[in-house]
$ cat final-v8.cif   # mmCIF, C-alpha atoms
data_final
loop_
_atom_site.label_atom_id
_atom_site.label_comp_id
_atom_site.auth_asym_id
_atom_site.auth_seq_id
_atom_site.Cartn_x
_atom_site.Cartn_y
_atom_site.Cartn_z
CA MET U 1 -28.20 114.97 118.34
CA THR U 2 -28.52 111.20 118.34
CA THR U 3 -29.06 108.91 121.30
CA ARG U 4 -27.57 105.42 121.06
CA ASN U 5 -27.69 102.44 123.36
CA ALA U 6 -24.63 100.94 125.01
CA ALA U 7 -24.49 97.16 124.78
CA SER U 8 -25.23 97.08 128.51
CA MET U 9 -28.77 98.40 127.90
CA GLY U 10 -29.88 94.95 126.73
CA ASP U 11 -33.45 95.01 125.43
CA PHE U 12 -34.68 97.72 127.83
CA GLY U 13 -37.21 99.91 126.06
CA SER U 14 -37.02 97.95 122.83
CA THR U 15 -40.03 97.50 120.58
CA TRP U 16 -38.65 94.45 118.77
CA THR U 17 -36.18 91.61 119.30
CA TYR U 18 -34.79 89.25 116.71
CA GLY U 19 -31.84 86.88 116.50
CA GLY U 20 -30.16 88.17 119.64
CA TYR U 21 -30.69 91.86 118.89
CA ALA U 22 -33.20 94.44 120.08
CA GLY U 23 -34.12 97.97 119.19
CA GLN U 24 -36.68 100.57 118.29
CA GLY U 25 -37.53 102.39 115.09
CA ASN U 26 -39.74 101.50 112.16
CA VAL U 27 -38.00 98.26 111.18
CA SER U 28 -40.32 95.60 112.60
CA ASP U 29 -41.74 94.80 109.16
CA LEU U 30 -38.24 93.93 107.90
CA LEU U 31 -37.36 91.28 110.48
CA GLY U 32 -36.80 87.89 108.90
CA THR U 33 -37.95 88.94 105.45
CA LEU U 34 -34.82 87.72 103.63
CA LYS U 35 -35.08 84.08 104.66
CA GLY U 36 -33.64 81.88 101.94
CA ARG U 37 -31.88 84.80 100.24
CA VAL U 38 -28.19 85.60 99.76
CA ALA U 39 -27.15 89.11 100.79
CA VAL U 40 -24.03 90.74 99.38
CA VAL U 41 -22.71 93.58 101.52
CA VAL U 42 -20.71 95.85 99.22
CA GLY U 43 -18.13 98.06 100.90
CA GLY U 44 -15.59 100.58 99.71
CA ALA U 45 -12.34 98.63 99.21
CA ALA U 46 -10.36 99.60 96.12
CA ASP U 47 -10.95 96.28 94.37
CA VAL U 48 -14.61 95.99 95.30
CA LEU U 49 -15.89 95.84 91.72
CA ILE U 50 -13.37 93.14 90.82
CA GLN U 51 -14.55 91.19 93.84
CA LEU U 52 -18.16 91.65 92.78
CA ALA U 53 -17.37 90.44 89.28
CA SER U 54 -15.63 87.38 90.65
CA LEU U 55 -18.86 86.37 92.36
CA GLN U 56 -20.35 85.84 88.93
CA GLY U 57 -19.90 82.16 88.20
CA SER U 58 -19.37 81.28 91.84
CA THR U 59 -21.48 78.61 93.46
CA LEU U 60 -23.26 80.86 95.90
CA PHE U 61 -26.45 79.33 94.62
CA GLU U 62 -27.00 75.71 93.62
CA TYR U 63 -27.07 76.62 89.97
CA GLY U 64 -24.25 79.17 90.13
CA VAL U 65 -24.47 82.92 89.82
CA HIS U 66 -25.30 84.38 86.44
CA ASP U 67 -26.15 87.93 87.42
CA ILE U 68 -25.22 88.86 90.96
CA TYR U 69 -27.36 91.99 90.84
CA LYS U 70 -30.49 89.99 90.05
CA GLU U 71 -29.92 86.94 92.18
CA ALA U 72 -28.54 88.44 95.39
CA VAL U 73 -29.87 91.16 97.64
CA ILE U 74 -27.37 94.01 97.38
CA PHE U 75 -26.53 96.02 100.50
CA ALA U 76 -24.39 99.06 99.67
CA VAL U 77 -22.27 100.60 102.41
CA ASN U 78 -21.53 104.34 102.41
CA ASP U 79 -19.90 105.93 99.33
CA ILE U 80 -19.93 102.93 96.99
CA GLY U 81 -23.71 103.10 96.85
CA MET U 82 -23.45 106.12 94.57
CA PHE U 83 -21.98 104.05 91.78
CA LEU U 84 -23.38 100.50 91.84
CA PRO U 85 -25.78 99.62 89.01
CA LYS U 86 -28.33 98.31 91.46
CA VAL U 87 -28.78 98.73 95.21
CA ASP U 88 -31.55 97.04 97.19
CA HIS U 89 -30.58 98.43 100.59
CA TRP U 90 -28.21 101.31 101.24
CA VAL U 91 -26.84 101.37 104.77
CA SER U 92 -24.77 103.93 106.64
CA LEU U 93 -24.05 105.03 110.18
CA HIS U 94 -23.64 108.53 108.70
CA GLY U 95 -27.28 109.39 108.10
CA LYS U 96 -26.57 113.01 107.24
CA ASN U 97 -24.30 111.92 104.39
CA LEU U 98 -26.90 109.59 102.91
CA GLY U 99 -28.98 112.47 101.57
CA ALA U 100 -26.09 113.84 99.50
CA TRP U 101 -25.02 110.38 98.37
CA LYS U 102 -28.60 109.61 97.32
CA THR U 103 -28.67 112.73 95.15
CA VAL U 104 -25.44 111.72 93.42
CA ARG U 105 -26.83 108.25 92.79
CA TRP U 106 -29.92 109.66 91.16
CA LEU U 107 -27.71 111.70 88.84
CA HIS U 108 -26.03 108.46 87.77
CA VAL U 109 -28.92 106.06 87.52
CA ARG U 110 -31.61 108.44 86.27
CA GLU U 111 -34.41 105.98 86.70
CA ARG U 112 -36.92 105.02 89.30
CA GLU U 113 -35.44 102.70 91.89
CA LEU U 114 -36.73 100.65 94.76
CA THR U 115 -33.63 101.18 96.91
CA LYS U 116 -34.35 101.34 100.63
CA TYR U 117 -32.23 103.66 102.78
CA HIS U 118 -31.20 102.62 106.31
CA THR U 119 -29.53 104.53 109.12
CA THR U 120 -29.82 105.05 112.86
CA GLU U 121 -32.25 107.96 112.97
CA GLU U 122 -35.10 109.39 110.98
CA TYR U 123 -34.51 111.63 107.96
CA ALA U 124 -36.84 112.76 105.21
CA TYR U 125 -34.76 110.92 102.62
CA THR U 126 -34.38 107.58 104.45
CA ASP U 127 -36.78 104.67 104.80
CA TYR U 128 -35.67 102.72 107.86
CA ASN U 129 -34.49 103.99 111.21
CA TRP U 130 -32.59 101.42 113.31
CA GLN U 131 -32.95 103.46 116.45
CA SER U 132 -31.35 102.09 119.63
CA LEU U 133 -30.22 98.87 117.95
CA THR U 134 -28.48 96.98 120.77
CA PRO U 135 -25.69 96.18 120.52
CA MET U 136 -24.88 98.12 117.36
CA PHE U 137 -21.78 97.39 115.31
CA VAL U 138 -19.42 100.34 115.24
CA LEU U 139 -18.59 100.45 111.51
CA SER U 140 -21.06 100.88 108.67
CA GLY U 141 -19.99 97.68 106.89
CA TYR U 142 -20.56 95.55 109.95
CA PHE U 143 -23.79 97.46 110.61
CA ALA U 144 -24.99 96.47 107.11
CA MET U 145 -23.98 92.87 107.80
CA GLN U 146 -25.95 93.05 111.04
CA ILE U 147 -29.06 94.34 109.26
CA ALA U 148 -28.81 91.57 106.66
CA TYR U 149 -28.66 89.04 109.50
CA ILE U 150 -31.62 90.57 111.33
CA MET U 151 -33.54 90.54 108.06
CA GLY U 152 -32.93 86.80 108.01
CA ALA U 153 -30.53 86.39 105.07
CA GLU U 154 -29.43 82.79 104.61
CA GLN U 155 -25.90 83.73 103.63
CA ILE U 156 -24.08 87.06 103.87
CA ILE U 157 -21.13 87.81 101.62
CA LEU U 158 -18.83 90.70 102.55
CA CYS U 159 -17.52 92.15 99.31
CA GLY U 160 -15.03 95.01 99.53
CA CYS U 161 -15.23 94.89 103.34
CA PRO U 162 -11.74 93.65 104.30
CA GLY U 163 -11.81 95.17 107.81
CA ASP U 164 -8.19 96.32 107.50
CA ALA U 165 -6.06 99.11 106.02
CA THR U 166 -6.71 98.12 102.40
CA PRO U 167 -7.10 101.33 100.33
CA ARG U 168 -10.62 102.41 99.44
CA PHE U 169 -11.76 102.89 95.88
CA PHE U 170 -11.16 106.63 96.18
CA ASP U 171 -7.62 106.30 97.61
CA LEU U 172 -4.50 106.42 95.43
CA PRO U 173 -3.65 102.95 94.07
CA GLY U 174 -1.27 101.15 96.38
CA GLN U 175 -1.73 103.70 99.12
CA ARG U 176 -2.00 102.04 102.48
CA ARG U 177 -3.63 104.09 105.16
CA GLU U 178 -1.55 104.78 108.22
CA ALA U 179 -2.65 104.29 111.79
CA GLY U 180 -4.83 107.21 112.81
CA GLN U 181 -6.37 107.45 109.34
CA PHE U 182 -8.49 104.39 109.86
CA VAL U 183 -10.07 102.77 112.84
CA TYR U 184 -10.17 99.12 111.88
CA ASN U 185 -7.32 98.22 114.18
CA GLU U 186 -8.86 99.90 117.22
CA GLU U 187 -9.11 97.31 119.93
CA GLY U 188 -12.80 97.95 120.38
CA VAL U 189 -13.69 97.33 116.73
CA TRP U 190 -12.18 93.89 116.51
CA ASN U 191 -13.14 92.95 120.07
CA GLN U 192 -16.75 93.73 119.31
CA LEU U 193 -16.73 91.60 116.16
CA GLU U 194 -15.13 88.67 117.95
CA HIS U 195 -17.43 89.00 120.94
CA GLU U 196 -20.59 89.17 118.87
CA MET U 197 -19.65 86.20 116.71
CA LYS U 198 -18.81 84.18 119.81
CA ARG U 199 -22.16 85.18 121.32
CA LEU U 200 -24.09 84.38 118.13
CA PRO U 201 -22.33 81.51 116.34
CA ASP U 202 -25.27 81.08 113.96
CA PHE U 203 -24.62 84.63 112.77
CA LYS U 204 -20.94 83.91 112.13
CA ALA U 205 -21.80 80.72 110.26
CA LYS U 206 -23.78 82.74 107.73
CA VAL U 207 -21.00 85.19 106.86
CA ARG U 208 -18.20 84.86 104.32
CA SER U 209 -15.82 87.51 103.04
CA MET U 210 -14.01 88.09 99.77
CA SER U 211 -10.86 89.69 101.20
CA GLY U 212 -8.70 90.91 104.05
CA MET U 213 -8.97 90.27 107.76
CA THR U 214 -12.67 89.52 107.53
CA ARG U 215 -11.94 86.72 105.05
CA ALA U 216 -9.41 85.27 107.51
CA PHE U 217 -12.00 85.53 110.29
CA PHE U 218 -15.18 84.40 108.54
CA GLY U 219 -13.74 82.29 105.73
CA GLY U 220 -13.89 82.91 102.01
CA VAL U 221 -16.50 82.19 99.37
CA MET R 1 -11.61 119.56 173.71
CA ALA R 2 -12.53 118.30 170.35
CA THR R 3 -16.15 117.31 169.95
CA THR R 4 -17.29 114.15 168.27
CA ARG R 5 -20.70 114.34 166.64
CA ASP R 6 -22.87 111.67 165.07
CA SER R 7 -24.09 111.89 161.54
CA VAL R 8 -27.83 111.53 161.12
CA ASP R 9 -27.46 108.02 159.74
CA TYR R 10 -24.99 107.00 162.48
CA ALA R 11 -27.33 108.22 165.16
CA ALA R 12 -30.30 106.40 163.65
CA LEU R 13 -28.49 103.12 163.10
CA VAL R 14 -25.93 102.87 165.93
CA THR R 15 -26.97 105.20 168.74
CA ASN R 16 -30.75 105.04 168.66
CA HIS R 17 -31.22 101.63 167.00
CA THR R 18 -34.18 103.13 165.19
CA PRO R 19 -36.57 100.35 164.22
CA GLY R 20 -37.81 100.01 160.66
CA LEU R 21 -34.90 101.68 158.92
CA VAL R 22 -35.10 101.25 155.19
CA ALA R 23 -32.34 99.39 153.37
CA THR R 24 -30.70 102.54 152.11
CA LYS R 25 -30.31 103.76 155.70
CA ARG R 26 -29.07 100.61 157.35
CA GLY R 27 -26.75 99.46 154.57
CA GLY R 28 -28.73 96.96 152.54
CA ARG R 29 -27.64 94.67 149.75
CA VAL R 30 -25.23 96.23 147.28
CA PHE R 31 -26.06 95.54 143.67
CA PRO R 32 -23.61 96.12 140.80
CA ILE R 33 -24.91 97.59 137.52
CA PRO R 34 -22.17 97.35 134.90
CA PHE R 35 -22.09 99.19 131.58
CA GLN R 36 -19.90 99.21 128.50
CA HIS R 37 -19.93 101.13 125.23
CA THR R 38 -17.74 101.01 122.15
CA VAL R 39 -17.76 104.29 120.20
CA ILE R 40 -19.77 103.92 116.99
CA SER R 41 -18.81 105.57 113.72
CA GLY R 42 -20.62 108.90 113.44
CA GLU R 43 -20.88 109.66 117.16
CA THR R 44 -20.63 113.40 117.62
CA GLY R 45 -19.43 115.56 120.48
CA GLY R 46 -19.88 119.22 119.64
CA ALA R 47 -19.95 122.59 121.33
CA SER R 48 -23.71 122.82 121.79
CA ALA R 49 -26.45 120.46 122.91
CA GLY R 50 -27.77 119.95 119.39
CA VAL R 51 -24.57 118.23 118.31
CA GLN R 52 -23.78 116.37 121.50
CA ASP R 53 -24.76 112.75 120.98
CA LYS R 54 -25.92 110.70 123.94
CA VAL R 55 -25.40 107.09 124.93
CA ASN R 56 -27.84 105.22 127.14
CA LEU R 57 -25.49 103.32 129.45
CA CYS R 58 -27.66 101.42 131.90
CA VAL R 59 -30.81 101.57 133.97
CA LEU R 60 -31.07 102.31 137.69
CA PRO R 61 -34.08 100.76 139.45
CA ALA R 62 -36.60 102.95 141.27
CA GLY R 63 -35.79 103.44 144.92
CA ALA R 64 -32.14 102.44 144.63
CA MET R 65 -29.47 104.54 146.31
CA VAL R 66 -26.39 105.22 144.20
CA ILE R 67 -23.31 104.69 146.35
CA GLY R 68 -20.46 104.08 143.97
CA LEU R 69 -19.18 104.40 140.43
CA HIS R 70 -16.06 103.10 138.80
CA ILE R 71 -15.10 103.89 135.21
CA SER R 72 -12.22 102.81 133.03
CA ALA R 73 -11.87 104.21 129.54
CA ASN R 74 -9.54 104.14 126.60
CA ALA R 75 -7.96 107.45 125.63
CA LEU R 76 -11.21 108.44 123.96
CA TRP R 77 -9.80 111.33 121.94
CA ALA R 78 -6.23 110.10 121.56
CA SER R 79 -6.07 110.31 117.78
CA ALA R 80 -8.74 112.89 117.13
CA GLY R 81 -6.52 115.96 117.54
CA VAL R 82 -8.75 117.74 120.01
CA ASN R 83 -9.54 116.60 123.51
CA GLY R 84 -13.22 116.35 124.25
CA THR R 85 -15.06 115.65 127.45
CA PHE R 86 -17.92 113.48 128.55
CA GLN R 87 -20.38 113.73 131.38
CA ILE R 88 -22.83 111.26 132.85
CA GLY R 89 -26.26 112.02 134.20
CA ASP R 90 -29.93 111.40 133.59
CA ALA R 91 -32.95 113.13 132.09
CA VAL R 92 -33.38 115.41 135.11
CA ASP R 93 -29.73 116.30 135.77
CA ASP R 94 -27.47 115.61 132.82
CA ASP R 95 -24.25 115.60 134.88
CA ARG R 96 -25.57 114.19 138.12
CA TYR R 97 -23.02 111.34 138.30
CA VAL R 98 -19.97 112.68 136.44
CA THR R 99 -19.37 116.33 135.60
CA ALA R 100 -17.59 117.02 132.32
CA ILE R 101 -14.23 115.29 132.34
CA GLU R 102 -11.57 114.35 129.86
CA SER R 103 -10.29 110.83 129.63
CA TYR R 104 -7.15 112.05 127.89
CA SER R 105 -5.66 115.41 128.72
CA ALA R 106 -2.58 117.39 129.57
CA ASN R 107 -3.67 117.75 133.18
CA GLY R 108 -4.17 114.05 133.67
CA PRO R 109 -2.98 110.93 131.99
CA THR R 110 -0.98 110.51 128.86
CA ALA R 111 -2.45 108.71 125.87
CA THR R 112 -3.20 105.63 127.87
CA ASP R 113 -6.26 103.93 129.19
CA LYS R 114 -7.36 105.47 132.47
CA PRO R 115 -9.51 104.51 135.43
CA TYR R 116 -11.77 106.91 137.32
CA GLY R 117 -13.41 106.51 140.64
CA GLY R 118 -16.10 108.29 142.53
CA LEU R 119 -19.36 110.05 141.96
CA ALA R 120 -20.05 113.73 141.60
CA PHE R 121 -21.45 115.32 144.76
CA THR R 122 -24.94 115.35 143.31
CA GLY R 123 -24.81 111.66 142.49
CA GLN R 124 -23.31 110.32 145.73
CA ASN R 125 -26.08 108.71 147.82
CA PHE R 126 -28.67 109.90 145.31
CA ILE R 127 -31.88 107.92 145.62
CA VAL R 128 -33.75 107.14 142.44
CA LEU R 129 -37.17 108.19 143.65
CA THR R 130 -40.06 107.23 141.47
CA THR R 131 -39.29 105.52 138.22
CA THR R 132 -36.45 103.63 136.64
CA THR R 133 -33.78 106.02 135.44
CA ILE R 134 -31.74 105.67 132.29
CA VAL R 135 -28.15 106.76 132.85
CA GLN R 136 -26.91 108.77 129.88
CA LEU R 137 -23.43 109.72 128.78
CA ILE R 138 -23.06 112.93 126.73
CA TRP R 139 -20.10 113.56 124.41
CA LYS R 140 -18.93 117.19 124.46
CA THR R 141 -16.43 119.42 122.69
CA ALA R 142 -14.98 116.85 120.28
CA ASN R 143 -15.97 113.63 118.57
CA PRO R 144 -14.73 110.47 120.33
CA VAL R 145 -12.64 108.03 118.31
CA VAL R 146 -14.50 105.12 116.76
CA GLY R 147 -13.74 101.82 118.47
CA LYS R 148 -12.61 103.31 121.78
CA ILE R 149 -14.22 101.73 124.83
CA ILE R 150 -15.66 103.19 128.00
CA LYS R 151 -16.81 100.77 130.67
CA GLY R 152 -17.67 100.85 134.30
CA CYS R 153 -20.01 99.87 137.07
CA PHE R 154 -22.53 101.61 139.31
CA LEU R 155 -22.97 100.28 142.82
CA VAL R 156 -26.41 100.80 144.30
CA ILE R 157 -28.29 99.72 147.41
CA LEU R 158 -31.55 98.19 146.37
CA PRO R 159 -34.75 99.24 148.15
CA GLU R 160 -36.62 96.75 150.32
#
$ encode --input "final-v8.cif" --output "C-alpha cells"
Amino acid sequence: MTTRNAASMGDFGSTWTYGGYAGQGNVSDLLGTLKGRVAVVVGGAADVLIQLASLQGSTLFEYGVHDIYKEAVIFAVNDIGMFLPKVDHWVSLHGKNLGAWKTVRWLHVRERELTKYHTTEEYAYTDYNWQSLTPMFVLSGYFAMQIAYIMGAEQIILCGCPGDATPRFFDLPGQRREAGQFVYNEEGVWNQLEHEMKRLPDFKAKVRSMSGMTRAFFGGV
Amino acid sequence: MATTRDSVDYAALVTNHTPGLVATKRGGRVFPIPFQHTVISGETGGASAGVQDKVNLCVLPAGAMVIGLHISANALWASAGVNGTFQIGDAVDDDRYVTAIESYSANGPTATDKPYGGLAFTGQNFIVLTTTTIVQLIWKTANPVVGKIIKGCFLVILPE
C-alpha cells in the first residue's frame, strides 16, 4: 500500500523543497547535483534506439556529441532500462517491477554498475525513494523528466518519450495502440503537463524531445 | 397541535442569546479547502487494505468544523473493466467524510464525469479537535485509470 500526495497538499509535511517541488524520502542529497549536465530520458518508443543514435553528432554540447552514453546522464524509464548499454538512473512509478527488471539487466550486462534505482517507495533493490513528491507527474517518463529537473540538469532530452500512441519497442511494428490501451490522451495527463510547464517556465525551457507530441510541445533537439 | 422545538444550537444562538458562543456555534467565517488529484500510473485499489493505495488530499486545521464537501470526478474506472470505489476519511476514521462510493456505476451515472455533494453522517459538523488532520482518499476494489481527475472542496468554519 502506497500513500501519495495530491497536488493540493502543497509542501505540507515535506522534508525538502527544490525548484517548485516538495517531498519526503531519502533524496535530499540528489537535489541540484546535475547542474551543468545534460540528461537524456530514455523511454520505450519503438524507435528509441534510432533516436538515441541520432543524438550522436548533435550539438547538445558545444563540441558535439561523440558518445552519448559517456557525455550525458542517462535516465532509463521502465522496460527499456533492461537493454541499454549504460544507465545512470533508472526510474519507474512501478517500483515492484523494478526488481524483476533489474535482475534481467544484470543478466545482460554482467558487470558491476553504478546505476541508481528510483521509485516512489522504499524497496530493498532501489536506492532512492521519492515519497510524497508533490505534485508528482502521472507517467513514468514525465516522472523521470521531473527527477532530472529536480537534480538540476541543465538540459533534458526526451528520447523515445513521444507522449502519444506511438508503438513501444515491444509492440508489433506499425501497430498503433487504440484508445483504452494507453493513457496518454487522458485529459488529466496532458492537462497536468501543460499546467506544470505553465507554472514552471524555467522547467519547460530546459526540455526538448526527439519525437511525437512532446516534441511539438517542448520543441526538438 | 404540532409542536415546534428548538435545536440546541438554535436555542443557544437565537432564543437565549448565549454570550461567548464559539465560532462553530454561531456560524463563523467559512473557509474553503480545495483539493485535486490526477491518478498516477501504478495507483492500486485492491480488495484488502494492503493493496489499497491512499492519497493525501488536503489538510484540515485544528478546531475547524467541517460543514460541507463538494466533489466532481471523472469516470475513474471507465476504461478499467471493473468498477472500483473510493472513500474519504482520516487516520482515525478512514471513511468519516465519504463512505465507499463509485464514481462510475450502473446504479448511477453513465461513463461521464459526475459531481457529488454532501458529507457522510460522521463527517457533517465534525470538529477537528486537537491537531491538523490530513484528509485521505482510499482506492478500493479496482485500480483507477491513470490520468483521471478527482477534485473538490471542503467547507469548514474556522475556530476563533
$ closest_residue --input "final-v8.cif" --among "R:Leu57, R:Leu119, R:Ala142, R:Ala12" --to "Thr85 (chain R)" --atoms "all atoms listed in the file"
R:Ala142
$ interface_residues --input "final-v8.cif" --of "chain U" --to "chain R" --cutoff "7 Å" --atoms "only C-alpha atoms" --output "list in words"
Met1, Thr2, Thr3, Arg4, Asn5, Ala6, Ala7, Ser8, Met9, Leu93, His94, Val138, Leu139, Gly180, Val183, Glu186, Glu187, Gly188 and Val189 of chain U
$ write_last_selection --input "final-v8.cif" --atoms "C-alpha atoms" --output "PDB file, keeping the file's coordinate frame"
ATOM      1  CA  MET U   1     -28.200 114.970 118.340  1.00  0.00           C
ATOM      2  CA  THR U   2     -28.520 111.200 118.340  1.00  0.00           C
ATOM      3  CA  THR U   3     -29.060 108.910 121.300  1.00  0.00           C
ATOM      4  CA  ARG U   4     -27.570 105.420 121.060  1.00  0.00           C
ATOM      5  CA  ASN U   5     -27.690 102.440 123.360  1.00  0.00           C
ATOM      6  CA  ALA U   6     -24.630 100.940 125.010  1.00  0.00           C
ATOM      7  CA  ALA U   7     -24.490  97.160 124.780  1.00  0.00           C
ATOM      8  CA  SER U   8     -25.230  97.080 128.510  1.00  0.00           C
ATOM      9  CA  MET U   9     -28.770  98.400 127.900  1.00  0.00           C
ATOM     10  CA  LEU U  93     -24.050 105.030 110.180  1.00  0.00           C
ATOM     11  CA  HIS U  94     -23.640 108.530 108.700  1.00  0.00           C
ATOM     12  CA  VAL U 138     -19.420 100.340 115.240  1.00  0.00           C
ATOM     13  CA  LEU U 139     -18.590 100.450 111.510  1.00  0.00           C
ATOM     14  CA  GLY U 180      -4.830 107.210 112.810  1.00  0.00           C
ATOM     15  CA  VAL U 183     -10.070 102.770 112.840  1.00  0.00           C
ATOM     16  CA  GLU U 186      -8.860  99.900 117.220  1.00  0.00           C
ATOM     17  CA  GLU U 187      -9.110  97.310 119.930  1.00  0.00           C
ATOM     18  CA  GLY U 188     -12.800  97.950 120.380  1.00  0.00           C
ATOM     19  CA  VAL U 189     -13.690  97.330 116.730  1.00  0.00           C
TER      20      VAL U 189
END
$ closest_residue --input "final-v8.cif" --among "U:Lys204, U:Lys86, U:Lys96, U:Lys35" --to "Lys116 (chain U)" --atoms "only C-alpha atoms"
U:Lys86
$ resolve_selection --input "final-v8.cif" --expression "the PyMOL selection byres ((chain U and resi 161) around 7)" --output "ChimeraX atom specification"
/U:42-45,141,158-160,162-163
$ resolve_selection --input "final-v8.cif" --expression "the PyMOL selection byres ((chain U and resi 71) around 12)" --output "list in words"
Gly36, Arg37, Val38, Ala39, Val40, Leu55, Gln56, Gly57, Ser58, Thr59, Leu60, Phe61, Glu62, Tyr63, Gly64, Val65, His66, Asp67, Ile68, Tyr69, Lys70, Ala72, Val73, Ile74, Lys86 and Asp88 of chain U
